[in-house]
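K.L.:
After the structure tokens below, expect a handful of questions from me.
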Amino acid sequence: MKNVITLIAITSSFIFSFPIHSQTVNIIDSLKKVLRTSKSDSAKVQLYGKIAWAYAGTRIQTEEARTYADSIRLIAERTKDNYYDARSHFYYGVIDRLEGKNNSGIYHMDKYVEYNKSQGDSSRVARGLFQIAAMQSAIGDYDKAITTHYRSLAIEEEFGDQYGIAFVKQGIGIALFETKRYNEALAYLNEALALFKELNRSGDQANIHTTLGNVHTQQNNFTKARKNYGTALSIYKKMKSSWGIALAESNIGHLNQRTGNFNDAKQNHLKALKIRESMPNKELLTRSYLAVGSLHHQDKEYTKALEYYKKAGKTVKETGAKSLMSDIQFRMSETYAAMGNYKLAFDARGQQMILKDSIYDETKANQITDLQTKYETAQKDQQIQTLTNKNALQEVNAEKQSTIKNAITMGIVLLAIIAGLIIFTLRQRLKSQKILLKKNEQLKNARLKEELQVLEMKALRAQMNPHFLFNCLNAINTMILKNEGDNASRYLAKFSKLVRLILENSEQQKVSLKDEIDMLESYIQLEAIRFNNKMDYEINIEESIDQYNTFIPSMVLQPFVENGIWHGLMHKDKKGFLTININEKDDALLCEIIDNGVGREKSVSLEKKDQHKKKSMGIKITTERLKILTQQTMSELVNIIDLKDDHNNALGTKVHIEIPIS
């Protein structure tokens, strides 16, 4: 158990500087007052960014922070301004990082760095690289994190930014610590601590003390470790930083656990867990679940240990951290074995080995790519050297032949041969160039077709979102006109959440099934409010489907659900019911949307009487999107079945949809 505890204790304390908690409310209120009188897009973007940053600094109100990042994104889309777009990516990246969504955060921060590189803005490039390196450390890619930090450090040192230098050195120290290069880590961390003391940054000093405590723990210098953790906890409490207090309590808990003070350790970890359960960072929450679970295992409370490990298993999926997933399976294997359930222990250990192998394979793949590049470079250098030596030898031979009179004839023959070879070589080269040009043209055409397909998909999605948003806004307007104030208010609150989900997926050609189902449930709940809860629903998903790693076109099911509600259930006198079944077959999802509405025939007759009834474009647009993806006809993709009883009375409608997955 000791080695595993050590691994779990490694919790990165590296953060970017935020205002302390007691200042945050005043800062946000002040910024909002200025925002109300700001008119220019430039001023609004600056203020939206500052408010997003302040909310993010609480590490709890990240949803509010994301709302203001959304505002920047909307201005960027309206004005087509690349600078505003890059700013939105920066804040999305920071928020994702604080929520433990590191892979998504790296994607956004790469966009930010790429734009500022094109503008020659080294300062902002360094800022983005700093954030990327921190997220690379969080997912365990420490060597890459160190390389990225050094790139950032070179820029900060060129500008002489002591604040930036301190942060980057702290980041390098953490990455070195995670790779067990403890003495090097201490050197960088102490340099960073000295700089933060000069700059009078108490919060940043607390973060350094936390990491120094981790290093001393790994070196078995427990007295120094406890002193550093205590200093960090004292500062965090003065700052009223719940995130920092949880971090310090967690690390003190690991120290107590390592030194055999298990009762104290459990109290420390439970304090940290209670705080982290109210925070959005799933990585830190996962670590707390693991820590509490391990202590229950230590006390032979195996059922409770498994309960916490399973909670950790649920939260870790949102982080994508394979090393944490591997730790969870290892812990579960140990607990199952202690309970005498060797089959489950064996299964858990098997899952752990699969995860370890996948981490190893990714590392090896990167190493092989590097070796291949080095090999090809060396091969080219060798060819150049060989050609150089060959040319030098020919020159020497030519000089010798020129001194021999009777070699004139052989020289002429040799020249003729060389001329023939040159002509032959030129012809071969021209032939090769023609083949190469033909291949390039084929590749170019293939790329153009692919880009055209993507553009068609984007165009269809661009039609889809306004169509859907119009329906929602129309519903709100109807409630207001009917004086249904409470319903309108609840509807608007849920609608704002749904709009954010749509905006998050707007740049993605495909989204995970989990995200699609979350969006779909939000939509159905909106419609339930609008119809005064005259409908219920259920969503059944085959257990074998991995919802997080199954990807489908965004908003592909919503138009069919909307059709079932609007044209089936809304005309029903009694309470309606909507069922959604999702199963997997080969490389496709088989989706069924079943309503117990009035049926298509009666719906058509009723809607003919309503002259103001809108014509639904959602299903047509969605079908066109699926046709582009699969090159199939509508009849192969979508099948609509009228449900009837033995007396030919309508029982509702079933829609069967086949969606390609990846």
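Note on naming: chains are A, B, ... as they come in the structure tokens, residues start from 1 per chain, ligands start from 1 in the order shown.
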Within 12 Å of Lys117 (chain A), counting only C-alpha atoms, which residues qualify if same-chain residues fewer than 3 places away don't, as a list in words?
P.N.:
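Close residues of Lys117 (chain A): Tyr83, Ala86, Asp110, Lys111, Tyr112, Val113, Glu114, Gly120, Asp121, Ser122, Ser123, Arg124, Val125, Ala126, Arg127, Gly128 and Leu129 of chain A.
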K.L.:
So which residues touch region 97-106 of chain A within 6 Å, counting only C-alpha atoms, skipping near sequence neighbours fewer than 6 positions away, as a list in words?
P.N.:
Ile132, Met135, Pro280, Asn281, Lys282, Glu283 and Thr319 of chain A
K.L.:
Could you write those residues out with C-alpha atoms, as a PDB file, in the first residue's frame?
P.N.:
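Ended up saving to out11.pdb:
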```pdb
ATOM      1  CA  ILE A 132      -0.526  24.430 -21.726  1.00  0.00           C
ATOM      2  CA  MET A 135      -2.282  21.088 -18.158  1.00  0.00           C
ATOM      3  CA  PRO A 280     -16.022  21.626 -10.399  1.00  0.00           C
ATOM      4  CA  ASN A 281     -12.502  20.134 -10.560  1.00  0.00           C
ATOM      5  CA  LYS A 282     -13.079  16.407 -11.064  1.00  0.00           C
ATOM      6  CA  GLU A 283      -9.400  15.437 -10.940  1.00  0.00           C
ATOM      7  CA  THR A 319     -10.604  14.154 -16.647  1.00  0.00           C
TER       8      THR A 319
END
```
K.L.:
One decimal, Å: what's the distance from CA of Arg349 (chain A) over to CA of Ser333 (chain A), could you say?
P.N.:
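Interatomic distance here is 5.5 Å.
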K.L.:
Write out as a PDB file with C-alpha atoms, in the first residue's frame which residues come within 10 Å of Tyr302 (chain A) when counting only C-alpha atoms, dropping same-chain ones fewer than 5 positions away.
P.N.:
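result_37.pdb, freshly written:
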```
ATOM      1  CA  GLY A 293     -11.267   4.834   0.132  1.00  0.00           C
ATOM      2  CA  SER A 294      -7.694   3.741   0.897  1.00  0.00           C
ATOM      3  CA  LEU A 295      -8.148   4.621   4.579  1.00  0.00           C
ATOM      4  CA  HIS A 296     -11.357   2.557   4.768  1.00  0.00           C
ATOM      5  CA  HIS A 297      -9.380  -0.305   3.215  1.00  0.00           C
ATOM      6  CA  GLU A 307     -18.022   2.760  -2.475  1.00  0.00           C
ATOM      7  CA  MET A 332     -10.254  -2.005  -6.346  1.00  0.00           C
ATOM      8  CA  GLU A 334      -6.585  -5.009  -3.725  1.00  0.00           C
ATOM      9  CA  THR A 335      -9.911  -4.547  -1.941  1.00  0.00           C
ATOM     10  CA  TYR A 336     -11.701  -7.313  -3.856  1.00  0.00           C
ATOM     11  CA  ALA A 338      -8.998  -8.766   0.628  1.00  0.00           C
ATOM     12  CA  MET A 339     -12.729  -9.598   0.516  1.00  0.00           C
TER      13      MET A 339
END
```
K.L.:
As a ChimeraX atom specification, please: the residues near Thr148 (chain A) (cut-off 7 Å, only C-alpha atoms, same-chain neighbours under 4 positions excluded).
P.N.:
/A:129,133,144,152
K.L.:
Just the residues within 12 Å of Met479 (chain A), please, counting only C-alpha atoms, with nothing from its chain fewer than 4 positions along; format it as a VMD selection string.
P.N.:
chain A and resid 472 to 475 483 to 492 527 529 to 532
K.L.:
Would you work out the distance separating CA of Glu542 (chain A) from CA of Asn583 (chain A), expressed in Å to one decimal?
P.N.:
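Atom-to-atom, CA of Glu542 (chain A) to CA of Asn583 (chain A), that is 5.2 Å.
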K.L.:
At a cut-off of 9 Å, can you tabulate as a Markdown table every residue of region 180-215 of chain A near region 228-237 of chain A together with its closest atom pair and the distance in Å to one decimal, using only C-alpha atoms and ordering rows by chain then number?
P.N.:
```
| residue | atom | partner | partner_atom | distance |
| --- | --- | --- | --- | --- |
| A:Ser202 | CA | A:Ile235 | CA | 7.2 |
| A:Gly203 | CA | A:Ile235 | CA | 6.9 |
| A:Gln205 | CA | A:Ala232 | CA | 7.7 |
| A:Ala206 | CA | A:Ala232 | CA | 4.3 |
| A:Asn207 | CA | A:Ala232 | CA | 6.8 |
| A:Ile208 | CA | A:Ala232 | CA | 8.2 |
| A:His209 | CA | A:Asn228 | CA | 5.0 |
| A:Thr210 | CA | A:Tyr229 | CA | 5.5 |
| A:Thr211 | CA | A:Asn228 | CA | 8.4 |
| A:Leu212 | CA | A:Asn228 | CA | 6.6 |
| A:Gly213 | CA | A:Asn228 | CA | 5.1 |
| A:Asn214 | CA | A:Tyr229 | CA | 8.5 |
```
K.L.:
Would you save the residues from that selection as a compact mmCIF listing (two decimals), in the first residue's frame, using N, CA and C atoms?
P.N.:
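File out09.txt, as written:
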```txt
# COMPACT_ATOMS: atom_id res chain seq x y z
N SER A 202 1.75 36.57 -1.37
CA SER A 202 1.58 35.57 -0.32
C SER A 202 0.87 34.32 -0.83
N GLY A 203 -0.17 34.49 -1.67
CA GLY A 203 -0.89 33.34 -2.19
C GLY A 203 -0.01 32.42 -3.00
N GLN A 205 3.19 32.20 -2.68
CA GLN A 205 4.12 31.57 -1.74
C GLN A 205 3.48 30.31 -1.13
N ALA A 206 2.19 30.39 -0.85
CA ALA A 206 1.49 29.23 -0.27
C ALA A 206 1.54 28.05 -1.24
N ASN A 207 1.37 28.33 -2.52
CA ASN A 207 1.42 27.25 -3.51
C ASN A 207 2.80 26.60 -3.56
N ILE A 208 3.84 27.44 -3.46
CA ILE A 208 5.21 26.91 -3.47
C ILE A 208 5.44 26.04 -2.23
N HIS A 209 5.00 26.53 -1.06
CA HIS A 209 5.17 25.75 0.18
C HIS A 209 4.47 24.39 0.07
N THR A 210 3.32 24.36 -0.59
CA THR A 210 2.60 23.09 -0.76
C THR A 210 3.45 22.11 -1.55
N THR A 211 4.02 22.58 -2.67
CA THR A 211 4.83 21.68 -3.50
C THR A 211 6.13 21.30 -2.80
N LEU A 212 6.73 22.23 -2.08
CA LEU A 212 7.93 21.90 -1.31
C LEU A 212 7.61 20.80 -0.28
N GLY A 213 6.43 20.88 0.32
CA GLY A 213 6.01 19.83 1.25
C GLY A 213 5.93 18.49 0.56
N ASN A 214 5.43 18.47 -0.69
CA ASN A 214 5.35 17.22 -1.45
C ASN A 214 6.75 16.65 -1.72
```
K.L.:
So how far away is CA of Thr550 (chain A) from CA of Cys591 (chain A), in Å?
P.N.:
13.8 Å
